[in-house]
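> I have a structure here, written as structure tokens, and I will follow up with some questions on it.
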Amino acid sequence: MVKDFPFEISPMFEGERIRKDGLHVELAGPKSKGFELVQAAKMNEVEDGKVTLIGPDISEMEEGKTYPYAMIYYIAGEHVETDVESIVERRNHDFQNYIHGYMHLNQRYDIWVRIGKEAMSKGLSSLKQIAQATMMLFKNELPFIERIEAVYITDIAEIEKRMEEAKKTYDLRDARTRDLHEEDVDTFYGCTLCQSFAPTNVCVITPDRVSLCGAINWFDGRAAAMTDPEGPQFAIKKGEVLDLVGGEYSGVNELAAKLSGGAYNRIKLHSFFEYPHTSCGCFEVVGFFMPEVDGIGWVNRDFNGTAPNGLPFSTMAGQTGGGKQVVGFLGIGINYFRSPKFIQADGGWNRTVWMPKFLKDRVSGSIPQEIIDAIATEEDVTNIDKLKAFLIKHKHPVVARWKDEKEVATSKEVPTETTQVQDVLHLSGGTGGGIKIILSNAKITIDKIIVKRK
Ligand code: SF4
């Protein structure tokens, strides 16, 4: 395998951002298609170190343009089973960000890569060099991988064909935890891989709560903690149940306090408003509270429009990420919609009022039939006023929460332009690090603010 590369490779480059002015090409991401996949194979099926590239190489790509991109790795070894595929796949994010001048974001079918001009000027000339460097890191850091082979693809027809197979693999992995629940186990798993971008983020992965990136479920966490004890995934003793509905456990709180550097010391795994799970930036979906209807909307990464609150995914993702507990926004993995404990402390599906049609269709099997038609999509409503009317018409359960339905429904006070109020309140007995409250599209009257110092 090649050992010399025209770029530096070091963990110190994790977190490096490539902005538009330093961009050579963009691969996959919101303007194109792509995915990453790791598949376990038999030893005789893997040619160690081999790279196949299907489609144009970076030397043939036009500066400033976006191209499709898929990365498939076949791995083999005495201890390599399908169980480890997810956790090896997630480390692609980790290792590729060690490469100076190369930025990797997200996971699975959401990957987004940027290659910088500086890397090109230093001699990067082929995606095969990237594949070789990544495979070298996989073998160095995860010694149970004895052989590894890569297929990189930039041809859109080939990517679309193979994407279907990849999605079947992701679905099979996600289905594994459906019959297992938090009450059946005494150990959860944690992940701090994203602390390079979100220093206080701790992902807590339970049978009822997949990771924010959607790439690691409880079984994957367990496999990772066993095969790579020094790695970023680890076991968390569940401890005492402090709030069954909210999903608060003493073991999780103790670890959160330690691994967040004391930024917070309580996490309620199934709560949207009280001590919510932190959000790093890799989440597949952002939840956002709309105070005007006392309901929660969810928007996925691929949705290009604006939500009824007037904001696109990118703006809300910016507010949500960073590893803090942000009341009013919550990052989740798509498979959490399928959890029977889905934000159960705050009403679960009965509090969900809006989702993009694509996302709603994708998780429709998990939405209770009695509410499915009462959840609006972009095809039904485009702003808060229309959303209110829709919810009333479809007798959504949140309407019963409104104090004066008639007044809310006919209110002319809500401005159509987005208004954001950003304040950091330090609450006694709260998270200690402060809670950012962001309300959009709301007209607010504040009578008085009382600040109590400890
Ligand atoms: S989102 Fe969470 S589980 Fe996924 S890689 Fe980041 S820290 Fe780990």
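Here, A, B, ... name the chains of the structure tokens in the order displayed, residue numbers run from 1 inside each chain, and ligands are numbered from 1 in the same displayed order.
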Name the residues of region 183-398 of chain A that fall into strand (DSSP E or B) according to DSSP on the backbone, using the chain letters and numbers of this document, as a ChimeraX atom specification.
/A:187-191,203-206,209,233-237,241-243,248-249,285-290,295-300,306,312,329-332,352-354,376
> Selected residues, N, CA and C atoms, written as a short mmCIF file (atom, residue, chain, number, x, y, z; two decimals), in the first residue's frame, please.

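Final output, saved to part.cif:
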```cif
data_model
loop_
_atom_site.label_atom_id
_atom_site.label_comp_id
_atom_site.auth_asym_id
_atom_site.auth_seq_id
_atom_site.Cartn_x
_atom_site.Cartn_y
_atom_site.Cartn_z
N THR A 187 -26.99 -1.46 29.85
CA THR A 187 -25.87 -0.67 29.32
C THR A 187 -26.31 0.08 28.06
N PHE A 188 -25.99 1.35 28.02
CA PHE A 188 -26.17 2.12 26.79
C PHE A 188 -24.76 2.36 26.22
N TYR A 189 -24.70 3.04 25.07
CA TYR A 189 -23.39 3.35 24.50
C TYR A 189 -23.29 4.84 24.19
N GLY A 190 -22.09 5.36 24.27
CA GLY A 190 -21.88 6.78 24.02
C GLY A 190 -20.89 6.95 22.87
N CYS A 191 -20.87 8.13 22.31
CA CYS A 191 -19.91 8.43 21.24
C CYS A 191 -19.51 9.90 21.36
N CYS A 203 -23.03 11.84 22.36
CA CYS A 203 -24.19 11.11 21.83
C CYS A 203 -24.46 9.94 22.75
N VAL A 204 -25.70 9.80 23.18
CA VAL A 204 -26.10 8.65 23.99
C VAL A 204 -26.98 7.77 23.11
N ILE A 205 -26.55 6.52 22.95
CA ILE A 205 -27.22 5.61 22.01
C ILE A 205 -27.86 4.48 22.81
N THR A 206 -29.17 4.36 22.71
CA THR A 206 -29.89 3.31 23.44
C THR A 206 -30.69 2.50 22.41
N ARG A 209 -33.03 4.91 20.99
CA ARG A 209 -32.57 6.20 20.47
C ARG A 209 -31.30 6.00 19.66
N GLN A 233 -16.31 5.27 20.77
CA GLN A 233 -17.57 4.75 21.31
C GLN A 233 -17.28 3.92 22.56
N PHE A 234 -18.16 4.00 23.54
CA PHE A 234 -17.89 3.38 24.85
C PHE A 234 -19.20 3.02 25.52
N ALA A 235 -19.09 2.11 26.52
CA ALA A 235 -20.28 1.69 27.26
C ALA A 235 -20.65 2.72 28.32
N ILE A 236 -21.94 2.85 28.57
CA ILE A 236 -22.43 3.71 29.67
C ILE A 236 -23.34 2.85 30.53
N LYS A 237 -22.99 2.69 31.79
CA LYS A 237 -23.88 1.97 32.70
C LYS A 237 -25.14 2.80 32.90
N VAL A 241 -33.06 4.72 37.16
CA VAL A 241 -34.01 5.45 36.31
C VAL A 241 -34.53 6.64 37.11
N LEU A 242 -34.28 7.86 36.64
CA LEU A 242 -34.71 9.06 37.37
C LEU A 242 -36.02 9.61 36.81
N ASP A 243 -36.25 9.39 35.54
CA ASP A 243 -37.50 9.85 34.92
C ASP A 243 -37.76 8.91 33.74
N GLU A 248 -34.48 9.80 31.70
CA GLU A 248 -33.32 10.32 32.46
C GLU A 248 -32.76 9.19 33.32
N TYR A 249 -31.45 8.98 33.21
CA TYR A 249 -30.78 7.88 33.91
C TYR A 249 -29.55 8.43 34.62
N VAL A 285 -31.86 15.17 10.97
CA VAL A 285 -33.10 15.96 11.00
C VAL A 285 -33.00 16.98 12.14
N VAL A 286 -33.56 18.17 11.93
CA VAL A 286 -33.67 19.14 13.03
C VAL A 286 -35.15 19.31 13.39
N GLY A 287 -35.42 19.24 14.68
CA GLY A 287 -36.76 19.55 15.17
C GLY A 287 -36.78 21.00 15.62
N PHE A 288 -37.90 21.69 15.38
CA PHE A 288 -37.98 23.11 15.76
C PHE A 288 -39.37 23.40 16.32
N PHE A 289 -39.35 24.12 17.42
CA PHE A 289 -40.61 24.45 18.09
C PHE A 289 -41.22 25.69 17.45
N MET A 290 -42.52 25.63 17.22
CA MET A 290 -43.23 26.80 16.70
C MET A 290 -44.23 27.26 17.76
N GLY A 295 -46.49 23.64 18.62
CA GLY A 295 -46.18 22.35 18.01
C GLY A 295 -44.74 22.30 17.51
N ILE A 296 -44.34 21.11 17.14
CA ILE A 296 -42.95 20.88 16.70
C ILE A 296 -42.93 20.46 15.23
N GLY A 297 -42.04 21.07 14.46
CA GLY A 297 -41.82 20.67 13.08
C GLY A 297 -40.48 19.96 12.99
N TRP A 298 -40.31 19.18 11.94
CA TRP A 298 -39.04 18.46 11.73
C TRP A 298 -38.61 18.67 10.29
N VAL A 299 -37.35 18.97 10.06
CA VAL A 299 -36.89 19.19 8.69
C VAL A 299 -35.60 18.40 8.46
N ASN A 300 -35.58 17.67 7.35
CA ASN A 300 -34.41 16.84 7.04
C ASN A 300 -33.41 17.61 6.18
N THR A 306 -38.22 26.24 2.59
CA THR A 306 -38.25 26.80 3.94
C THR A 306 -39.41 26.17 4.70
N PRO A 312 -34.84 27.86 6.43
CA PRO A 312 -34.40 26.62 5.78
C PRO A 312 -33.65 25.73 6.78
N PHE A 329 -34.80 23.66 19.69
CA PHE A 329 -34.30 22.94 18.53
C PHE A 329 -33.70 21.62 19.00
N LEU A 330 -33.78 20.60 18.17
CA LEU A 330 -33.21 19.29 18.55
C LEU A 330 -32.79 18.53 17.30
N GLY A 331 -31.54 18.08 17.29
CA GLY A 331 -31.06 17.25 16.19
C GLY A 331 -31.30 15.78 16.50
N ILE A 332 -31.78 15.03 15.52
CA ILE A 332 -32.01 13.60 15.73
C ILE A 332 -31.61 12.79 14.48
N THR A 352 -46.24 16.74 16.95
CA THR A 352 -45.63 16.97 15.64
C THR A 352 -46.65 17.54 14.68
N VAL A 353 -46.36 18.72 14.12
CA VAL A 353 -47.36 19.40 13.29
C VAL A 353 -46.93 19.56 11.83
N TRP A 354 -45.64 19.43 11.55
CA TRP A 354 -45.19 19.67 10.17
C TRP A 354 -43.92 18.87 9.88
N ALA A 376 -49.02 18.40 8.67
CA ALA A 376 -48.92 19.11 7.38
C ALA A 376 -47.54 18.92 6.75
#
```
> Got a sec to check which residues lie within 7 Å of ligand 1, using only C-alpha atoms and all ligand atoms, and send them as a list in words?
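My answer, listing the contacting residues, is Arg90, Cys191, Thr192, Leu193, Cys194, Gln195, Asn201, Val202, Cys203, Ser211, Leu212, Cys213, Gly214, Ala215, Ile216, Cys280, Cys282 and Phe283 of chain A.
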> Find the spatial neighbours of region 55-67 of chain A, counting only C-alpha atoms, within a cut-off of 10 Å - ignore same-chain residues fewer than 2 positions away - and output them as a PyMOL selection string.
chain A and resi 20-34+52-53+69+113-117+120+124-128+152-159
> Choose the residue, out of A:Glu146, A:Glu164, A:Asp83, A:Glu8, that has the smallest atom-to-atom separation from Gly221 (chain A); count only C-alpha atoms.
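Distance minimum relative to Gly221 (chain A) lands on A:Asp83.
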> CA of Ala70 (chain A) and CA of Ser314 (chain A), how far apart in Å?
22.8 Å
> Counting only C-alpha atoms, which of A:Glu292, A:Glu160, A:Glu274, A:Asp361 gets nearest to Lys386 (chain A)?
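Checking each candidate against Lys386 (chain A), we get A:Glu292 as the closest.
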> Nearest residue to Glu16 (chain A) out of A:Ser196, A:Asn44, A:Thr315, A:Ser86, using only C-alpha atoms?
A:Ser196
> Report as JSON, numbers by chain: the residues of region 14-110 of chain A with a DSSP assignment of helix (DSSP H, G or I), based on the backbone of this structure.
{"A": [20, 21, 22, 43, 44, 45, 58, 59, 60, 82, 83, 84, 85, 86, 87, 88, 89, 90, 91, 92, 93, 94, 95, 96, 108, 109, 110]}
> Quick one: residues within 9 Å of Glu378 (chain A), only C-alpha atoms, excluding same-chain residues fewer than 3 positions away - as a list in words?
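What passes the distance filter is Gly305, Thr306, Ala307, Pro308, Trp354, Met355, Pro356, Lys357, Val381 and Thr382 of chain A.
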> I want to know what sits within 10 Å of Ile75 (chain A), based on only C-alpha atoms, with residues of the same chain fewer than 6 positions away left out; could you give that as a short mmCIF file (atom, residue, chain, number, x, y, z; two decimals) with N, CA and C atoms, in the first residue's frame?

```
data_model
loop_
_atom_site.label_atom_id
_atom_site.label_comp_id
_atom_site.auth_asym_id
_atom_site.auth_seq_id
_atom_site.Cartn_x
_atom_site.Cartn_y
_atom_site.Cartn_z
N VAL A 38 -19.51 0.60 4.07
CA VAL A 38 -18.48 -0.42 4.36
C VAL A 38 -19.17 -1.78 4.36
N GLN A 39 -18.58 -2.73 3.68
CA GLN A 39 -19.16 -4.07 3.61
C GLN A 39 -18.11 -5.10 4.07
N ALA A 40 -18.53 -5.98 4.96
CA ALA A 40 -17.64 -7.07 5.38
C ALA A 40 -17.61 -8.11 4.25
N ALA A 41 -16.45 -8.69 4.03
CA ALA A 41 -16.31 -9.70 2.96
C ALA A 41 -15.36 -10.80 3.44
N LYS A 42 -15.29 -11.87 2.66
CA LYS A 42 -14.36 -12.96 3.01
C LYS A 42 -12.95 -12.55 2.60
N MET A 43 -11.96 -13.16 3.26
CA MET A 43 -10.56 -12.78 2.99
C MET A 43 -10.22 -12.92 1.50
N GLU A 45 -12.01 -12.52 -0.96
CA GLU A 45 -12.77 -11.62 -1.84
C GLU A 45 -12.19 -10.21 -1.86
N VAL A 46 -11.21 -9.95 -1.00
CA VAL A 46 -10.69 -8.58 -0.87
C VAL A 46 -9.22 -8.54 -1.30
N GLU A 47 -8.92 -7.66 -2.25
CA GLU A 47 -7.53 -7.49 -2.68
C GLU A 47 -6.97 -6.30 -1.91
N ASP A 48 -6.13 -6.58 -0.94
CA ASP A 48 -5.68 -5.55 0.00
C ASP A 48 -5.01 -4.38 -0.71
N GLU A 81 -17.02 -8.98 11.05
CA GLU A 81 -18.37 -9.49 10.77
C GLU A 81 -19.21 -8.31 10.30
N THR A 82 -20.42 -8.59 9.85
CA THR A 82 -21.30 -7.48 9.44
C THR A 82 -21.57 -6.52 10.60
N VAL A 84 -19.62 -5.05 12.55
CA VAL A 84 -18.69 -3.92 12.67
C VAL A 84 -18.77 -2.94 11.48
N GLU A 85 -19.59 -3.28 10.49
CA GLU A 85 -19.63 -2.43 9.28
C GLU A 85 -19.95 -0.97 9.61
N VAL A 88 -17.10 0.95 11.45
CA VAL A 88 -15.96 1.21 10.57
C VAL A 88 -16.35 2.32 9.60
N MET A 135 -7.49 4.20 3.59
CA MET A 135 -7.33 2.76 3.89
C MET A 135 -6.14 2.52 4.81
N PHE A 138 -7.42 3.32 8.24
CA PHE A 138 -8.29 2.25 8.73
C PHE A 138 -7.46 1.10 9.28
N LYS A 139 -6.45 0.69 8.53
CA LYS A 139 -5.67 -0.47 8.98
C LYS A 139 -4.80 -0.15 10.20
N PHE A 144 -8.16 -4.92 13.59
CA PHE A 144 -8.93 -6.13 13.21
C PHE A 144 -9.22 -6.16 11.71
N ILE A 145 -9.00 -5.02 11.03
CA ILE A 145 -9.14 -5.02 9.56
C ILE A 145 -7.82 -5.53 8.98
N GLU A 146 -7.87 -6.73 8.41
CA GLU A 146 -6.63 -7.30 7.86
C GLU A 146 -6.47 -6.97 6.38
N ARG A 147 -7.61 -6.87 5.68
CA ARG A 147 -7.54 -6.50 4.25
C ARG A 147 -8.63 -5.47 3.96
N ILE A 148 -8.29 -4.53 3.10
CA ILE A 148 -9.27 -3.52 2.73
C ILE A 148 -9.09 -3.12 1.27
N GLU A 149 -10.20 -2.96 0.59
CA GLU A 149 -10.19 -2.60 -0.83
C GLU A 149 -11.24 -1.50 -1.01
N ALA A 150 -10.99 -0.55 -1.90
CA ALA A 150 -11.94 0.57 -2.06
C ALA A 150 -12.44 0.68 -3.50
#
```
> Can you list, as a list in words, every protein, DNA or RNA residue that comes within 9 Å of Glu141 (chain A) when you count only C-alpha atoms, leaving out same-chain residues fewer than 4 positions away?
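Contacts, in chain order: Met136, Leu137, Asp228 and Gly231 of chain A.
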> Could you give me, as a list of chain:residue names, the residues within 6 Å of Thr278 (chain A), counting only C-alpha atoms and dropping anything in the same chain fewer than 2 positions from it?
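So the residues in contact are A:Asn201, A:Gly323, A:Lys324, A:Gln325.
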> Which distance in Å separates CA of Phe303 (chain A) and CA of Asp380 (chain A), to one decimal?
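Taking CA of Phe303 (chain A) and CA of Asp380 (chain A), their separation equals 15.2 Å.
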> Which of these, A:Asn97, A:Ile87, A:Gly318, A:Asn253, has the shortest distance to Arg173 (chain A) once you count only C-alpha atoms?
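Nearest candidate to Arg173 (chain A) out of A:Asn97, A:Ile87, A:Gly318, A:Asn253: A:Ile87.
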> For Gln319 (chain A), which residue out of A:Trp349, A:Leu259, A:His79, A:Ser279 is the nearest one, using only C-alpha atoms?
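Smallest distance to Gln319 (chain A) is found for A:Ser279.
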> If I take CA of Tyr336 (chain A) and CA of Trp218 (chain A), how far is one from the other in Å, to one decimal?
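CA of Trp218 (chain A) lies at a distance of 12.0 Å from CA of Tyr336 (chain A).
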